[in-house]
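Colleague: mmCIF, C-alpha atoms, file data04.cif:
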data_structure
#
loop_
_atom_site.label_atom_id
_atom_site.label_comp_id
_atom_site.auth_asym_id
_atom_site.auth_seq_id
_atom_site.Cartn_x
_atom_site.Cartn_y
_atom_site.Cartn_z
CA MET A 1 5.67 49.95 -95.02
CA ASN A 2 9.37 49.14 -95.40
CA LYS A 3 10.08 50.72 -92.03
CA SER A 4 7.62 48.41 -90.22
CA ARG A 5 9.07 45.38 -92.01
CA HIS A 6 12.54 46.45 -90.91
CA VAL A 7 11.41 46.80 -87.28
CA LYS A 8 9.88 43.32 -87.39
CA HIS A 9 13.23 41.82 -88.39
CA GLN A 10 14.89 43.45 -85.39
CA ASN A 11 12.48 41.56 -83.09
CA GLN A 12 14.14 38.21 -83.44
CA VAL A 13 16.73 36.08 -81.72
CA ARG A 14 18.20 32.80 -82.84
CA ILE A 15 18.52 29.48 -81.08
CA ILE A 16 22.22 28.91 -80.59
CA GLY A 17 22.42 25.17 -79.88
CA GLY A 18 20.75 21.79 -80.00
CA THR A 19 18.39 20.34 -82.59
CA HIS A 20 17.01 23.75 -83.64
CA ARG A 21 20.36 25.56 -83.79
CA GLY A 22 20.26 28.60 -86.04
CA ARG A 23 16.45 28.85 -86.16
CA LYS A 24 15.10 32.35 -85.66
CA LEU A 25 12.47 33.21 -83.05
CA HIS A 26 10.28 36.23 -83.72
CA PHE A 27 8.68 38.19 -80.91
CA SER A 28 6.37 41.17 -80.56
CA ASP A 29 7.14 44.55 -79.04
CA ALA A 30 6.17 44.61 -75.37
CA ASP A 31 7.03 47.03 -72.61
CA GLY A 32 10.08 45.83 -70.72
CA LEU A 33 10.78 42.93 -73.14
CA ARG A 34 14.52 42.53 -73.63
CA PRO A 35 15.55 39.04 -74.74
CA THR A 36 18.71 37.61 -73.22
CA PRO A 37 21.47 38.30 -75.79
CA ASP A 38 22.97 35.39 -77.75
CA SER A 39 26.35 35.79 -76.00
CA VAL A 40 24.75 35.54 -72.54
CA ARG A 41 22.59 32.55 -73.54
CA GLU A 42 25.66 30.84 -74.96
CA ARG A 43 27.55 31.38 -71.70
CA LEU A 44 24.55 30.21 -69.65
CA PHE A 45 24.17 26.96 -71.60
CA ASN A 46 27.92 26.35 -71.38
CA TRP A 47 27.51 26.61 -67.60
CA LEU A 48 24.47 24.30 -67.68
CA GLY A 49 26.35 21.72 -69.72
CA GLN A 50 24.75 22.10 -73.20
CA ASP A 51 22.58 18.95 -72.95
CA LEU A 52 19.40 19.22 -70.87
CA THR A 53 18.06 15.79 -71.81
CA GLY A 54 15.36 14.58 -69.45
CA GLN A 55 15.09 17.83 -67.50
CA ALA A 56 11.92 19.68 -66.52
CA VAL A 57 12.48 23.37 -67.28
CA LEU A 58 10.55 26.47 -66.21
CA ASP A 59 10.97 29.86 -67.91
CA LEU A 60 8.92 31.92 -65.46
CA PHE A 61 9.04 35.32 -67.18
CA ALA A 62 9.32 33.98 -70.72
CA GLY A 63 9.23 37.21 -72.74
CA SER A 64 10.50 36.17 -76.19
CA GLY A 65 10.69 32.55 -75.00
CA ALA A 66 14.35 32.35 -76.05
CA LEU A 67 15.63 30.71 -72.84
CA GLY A 68 12.89 28.07 -72.64
CA LEU A 69 12.99 27.28 -76.36
CA GLU A 70 16.78 27.02 -76.20
CA ALA A 71 16.34 24.46 -73.40
CA ALA A 72 13.82 22.52 -75.50
CA SER A 73 16.27 22.53 -78.43
CA ARG A 74 18.86 21.02 -76.08
CA GLY A 75 16.73 18.04 -75.08
CA ALA A 76 14.63 19.20 -72.11
CA ARG A 77 11.88 16.62 -71.43
CA SER A 78 9.37 19.36 -70.67
CA THR A 79 9.52 23.13 -70.78
CA VAL A 80 6.93 25.51 -69.34
CA LEU A 81 7.03 29.11 -70.52
CA VAL A 82 4.99 31.52 -68.38
CA GLU A 83 4.24 34.96 -69.81
CA ARG A 84 1.45 37.36 -68.96
CA ASN A 85 1.49 39.60 -72.07
CA ARG A 86 -1.12 38.18 -74.49
CA GLN A 87 0.60 39.42 -77.64
CA THR A 88 3.90 37.94 -76.49
CA VAL A 89 2.19 34.62 -75.66
CA GLN A 90 0.82 34.50 -79.23
CA ALA A 91 4.31 35.08 -80.65
CA ILE A 92 5.71 32.28 -78.45
CA ARG A 93 2.94 29.91 -79.57
CA GLU A 94 3.76 30.68 -83.21
CA ASN A 95 7.46 29.96 -82.59
CA ILE A 96 6.57 26.66 -80.90
CA ARG A 97 4.37 25.71 -83.86
CA GLN A 98 7.12 26.55 -86.35
CA LEU A 99 9.75 24.61 -84.39
CA GLY A 100 7.43 21.65 -83.77
CA VAL A 101 8.50 21.31 -80.13
CA GLU A 102 5.63 19.39 -78.54
CA GLN A 103 7.27 19.20 -75.09
CA VAL A 104 6.83 22.97 -74.66
CA GLU A 105 3.80 24.41 -72.87
CA VAL A 106 2.95 28.12 -72.81
CA VAL A 107 0.96 29.49 -69.91
CA GLY A 108 -0.55 32.95 -70.25
CA ALA A 109 -0.36 34.06 -66.61
CA ASP A 110 1.55 36.06 -64.04
CA GLY A 111 4.70 34.15 -63.06
CA LEU A 112 4.19 34.39 -59.33
CA LEU A 113 0.54 33.36 -59.59
CA TYR A 114 1.56 30.36 -61.74
CA LEU A 115 4.03 29.19 -59.09
CA LYS A 116 1.44 29.52 -56.34
CA GLN A 117 -1.15 27.51 -58.27
CA ASN A 118 1.09 24.77 -59.69
CA ALA A 119 2.89 22.11 -57.68
CA SER A 120 5.22 20.86 -60.45
CA ARG A 121 8.92 20.57 -59.65
CA PHE A 122 11.71 21.63 -61.98
CA ASP A 123 15.37 20.84 -62.66
CA THR A 124 16.22 24.19 -64.29
CA VAL A 125 14.44 27.51 -63.73
CA PHE A 126 14.99 30.74 -65.66
CA LEU A 127 14.07 33.98 -63.87
CA ASP A 128 14.38 37.04 -66.10
CA PRO A 129 11.59 39.40 -65.01
CA PRO A 130 11.20 43.02 -66.14
CA PHE A 131 13.92 45.17 -64.55
CA ASN A 132 11.41 47.02 -62.34
CA TRP A 133 9.97 43.77 -60.85
CA GLN A 134 10.54 43.65 -57.09
CA GLN A 135 8.60 40.69 -55.64
CA TRP A 136 11.66 38.55 -54.92
CA PRO A 137 10.89 37.62 -51.28
CA GLU A 138 7.45 36.36 -52.30
CA LEU A 139 8.97 34.47 -55.24
CA TRP A 140 11.64 32.79 -53.09
CA ALA A 141 8.98 31.61 -50.61
CA VAL A 142 7.09 29.77 -53.36
CA LEU A 143 9.96 28.74 -55.66
CA GLN A 144 11.75 26.69 -53.01
CA GLY A 145 8.97 24.08 -53.03
CA ARG A 146 9.08 23.80 -56.84
CA LEU A 147 12.72 22.76 -57.17
CA ASN A 148 14.13 19.27 -57.50
CA GLU A 149 17.31 18.53 -55.59
CA GLN A 150 20.35 20.19 -57.20
CA ALA A 151 18.09 22.26 -59.48
CA MET A 152 19.80 25.11 -61.30
CA VAL A 153 18.26 28.58 -61.06
CA TYR A 154 19.28 31.30 -63.53
CA LEU A 155 18.53 34.87 -62.54
CA GLU A 156 18.93 37.97 -64.70
CA ALA A 157 18.18 41.51 -63.51
CA GLY A 158 19.44 45.09 -63.57
CA VAL A 159 20.25 44.75 -59.87
CA LEU A 160 20.41 41.22 -58.52
CA PRO A 161 18.31 40.61 -55.41
CA GLN A 162 19.69 38.93 -52.33
CA LEU A 163 19.57 35.18 -52.84
CA PRO A 164 18.04 32.95 -50.20
CA GLU A 165 20.39 30.71 -48.20
CA TRP A 166 19.25 27.63 -50.11
CA LEU A 167 20.60 28.98 -53.42
CA GLU A 168 24.38 28.77 -53.79
CA VAL A 169 26.03 30.83 -56.53
CA TYR A 170 27.63 28.60 -59.16
CA ARG A 171 28.57 31.22 -61.80
CA GLU A 172 27.89 34.91 -62.34
CA GLY A 173 28.47 37.61 -64.94
CA LYS A 174 27.26 40.83 -66.50
CA ALA A 175 26.46 42.17 -69.94
CA GLY A 176 25.43 45.77 -70.53
CA LYS A 177 22.87 46.75 -67.87
CA SER A 178 22.14 43.11 -67.00
CA ARG A 179 23.63 41.15 -64.14
CA PHE A 180 23.14 37.42 -64.10
CA VAL A 181 23.82 34.51 -61.83
CA LEU A 182 23.41 30.75 -62.05
CA ALA A 183 22.77 29.18 -58.66
CA VAL A 184 22.28 25.61 -57.48
CA TYR A 185 19.52 24.58 -55.07
CA GLN A 186 20.92 23.23 -51.80
CA PRO A 187 17.96 21.80 -49.86
CA GLU A 188 20.18 20.99 -46.85
CA ALA A 189 20.66 24.76 -46.44
CA GLU A 190 16.93 25.21 -45.76
CA VAL A 191 16.09 27.00 -42.54
#
Go ahead and render the structure in this file as structure tokens.

Modeller:
Amino acid sequence: MNKSRHVKHQNQVRIIGGTHRGRKLHFSDADGLRPTPDSVRERLFNWLGQDLTGQAVLDLFAGSGALGLEAASRGARSTVLVERNRQTVQAIRENIRQLGVEQVEVVGADGLLYLKQNASRFDTVFLDPPFNWQQWPELWAVLQGRLNEQAMVYLEAGVLPQLPEWLEVYREGKAGKSRFVLAVYQPEAEV
């Protein structure tokens, strides 16, 4: 019994900024789930400018929900977290309930399918799929029409895919096995 309680405590991350700074998020075990480490999230939100007030945010492969909930804590007007694992979706919903963040919506669906079926546009998009996910060309084809001008797109992967011409690298880094890049949408670069 103590061992399972100990494991549960390992499945948590904390919000590092904004109105819910320091609050812990709990998440379930799921294959391929590896939350973005605190140090990487801190760097990312430094790059984004800490305050996301008024922004529409999409966390397309939400996992623990840490990126999207961090954005909500920092003032995002609306945040959509898309996650296909049912158990993980339940954990995200519980975190949302505990935080009382009403501007956050959780969608239990495949990320790519969500993009294809939803015409909303976003100011900031987080893309942190499982490392073995390879549908980047299909994602780029749909994502382009879901971005507001000058939208920021964060991408984290074991091996970064080739970015489309309409995404210009703003910042990049690495931590452990993860590579990450923050890019800005340049609609004038569209082909």

Colleague: Here's the selection I'm unsure about, the PyMOL selection byres ((chain A and resi 53) around 6); applied to the file above, which residues does it give, as JSON, numbers by chain?

Modeller: {"A": [51, 52, 54, 55, 75, 76]}

Colleague: Now that the selection is made, can you save its residues with C-alpha atoms as a CSV table (one decimal), in the coordinates of the input?

Modeller:
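New file selection.csv:
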chain,number,residue,atom,x,y,z
A,51,ASP,CA,22.6,19.0,-73.0
A,52,LEU,CA,19.4,19.2,-70.9
A,54,GLY,CA,15.4,14.6,-69.4
A,55,GLN,CA,15.1,17.8,-67.5
A,75,GLY,CA,16.7,18.0,-75.1
A,76,ALA,CA,14.6,19.2,-72.1

Colleague: Residue by residue, what does the PyMOL selection byres ((chain A and resi 165) around 12) grab here? Present the result as a PyMOL selection string.

Modeller: chain A and resi 140-141+144+162-164+166-169+183-191

Colleague: For Asp128 of chain A, which residue out of A:Leu48, A:Val80, A:Leu160, A:Val57 is the nearest one, using only C-alpha atoms?

Modeller: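 Going through A:Leu48, A:Val80, A:Leu160, A:Val57 one by one, the smallest distance to Asp128 of chain A is for A:Leu160.
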
Colleague: Quick one: which residues end up in the PyMOL selection byres ((chain A and resi 99-103) around 7) for this structure, as a ChimeraX atom specification?

Modeller: /A:77-79,95-98,104-105

Colleague: Could you list, as a PyMOL selection string, every residue within 7 Å of segment 107-124 of chain A, counting all atoms listed in the file and ignoring same-chain residues fewer than 2 positions away?

Modeller: chain A and resi 55-58+60-61+81-84+86+89+105+126+139+142-143+146-148+151-153

Colleague: Rank A:Gln134, A:Lys24, A:Leu67, A:Gly49 by their smallest atom-to-atom distance to Glu94 of chain A, using all atoms listed in the file, and report the top residue only.

Modeller: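 Selected residue with least distance to Glu94 of chain A: A:Lys24.
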
Colleague: Would you mind reading off the distance between atom CA of Val125 of chain A and atom CA of Leu155 of chain A, one decimal, in Å?

Modeller: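 Between these atoms lies a distance of 8.5 Å.
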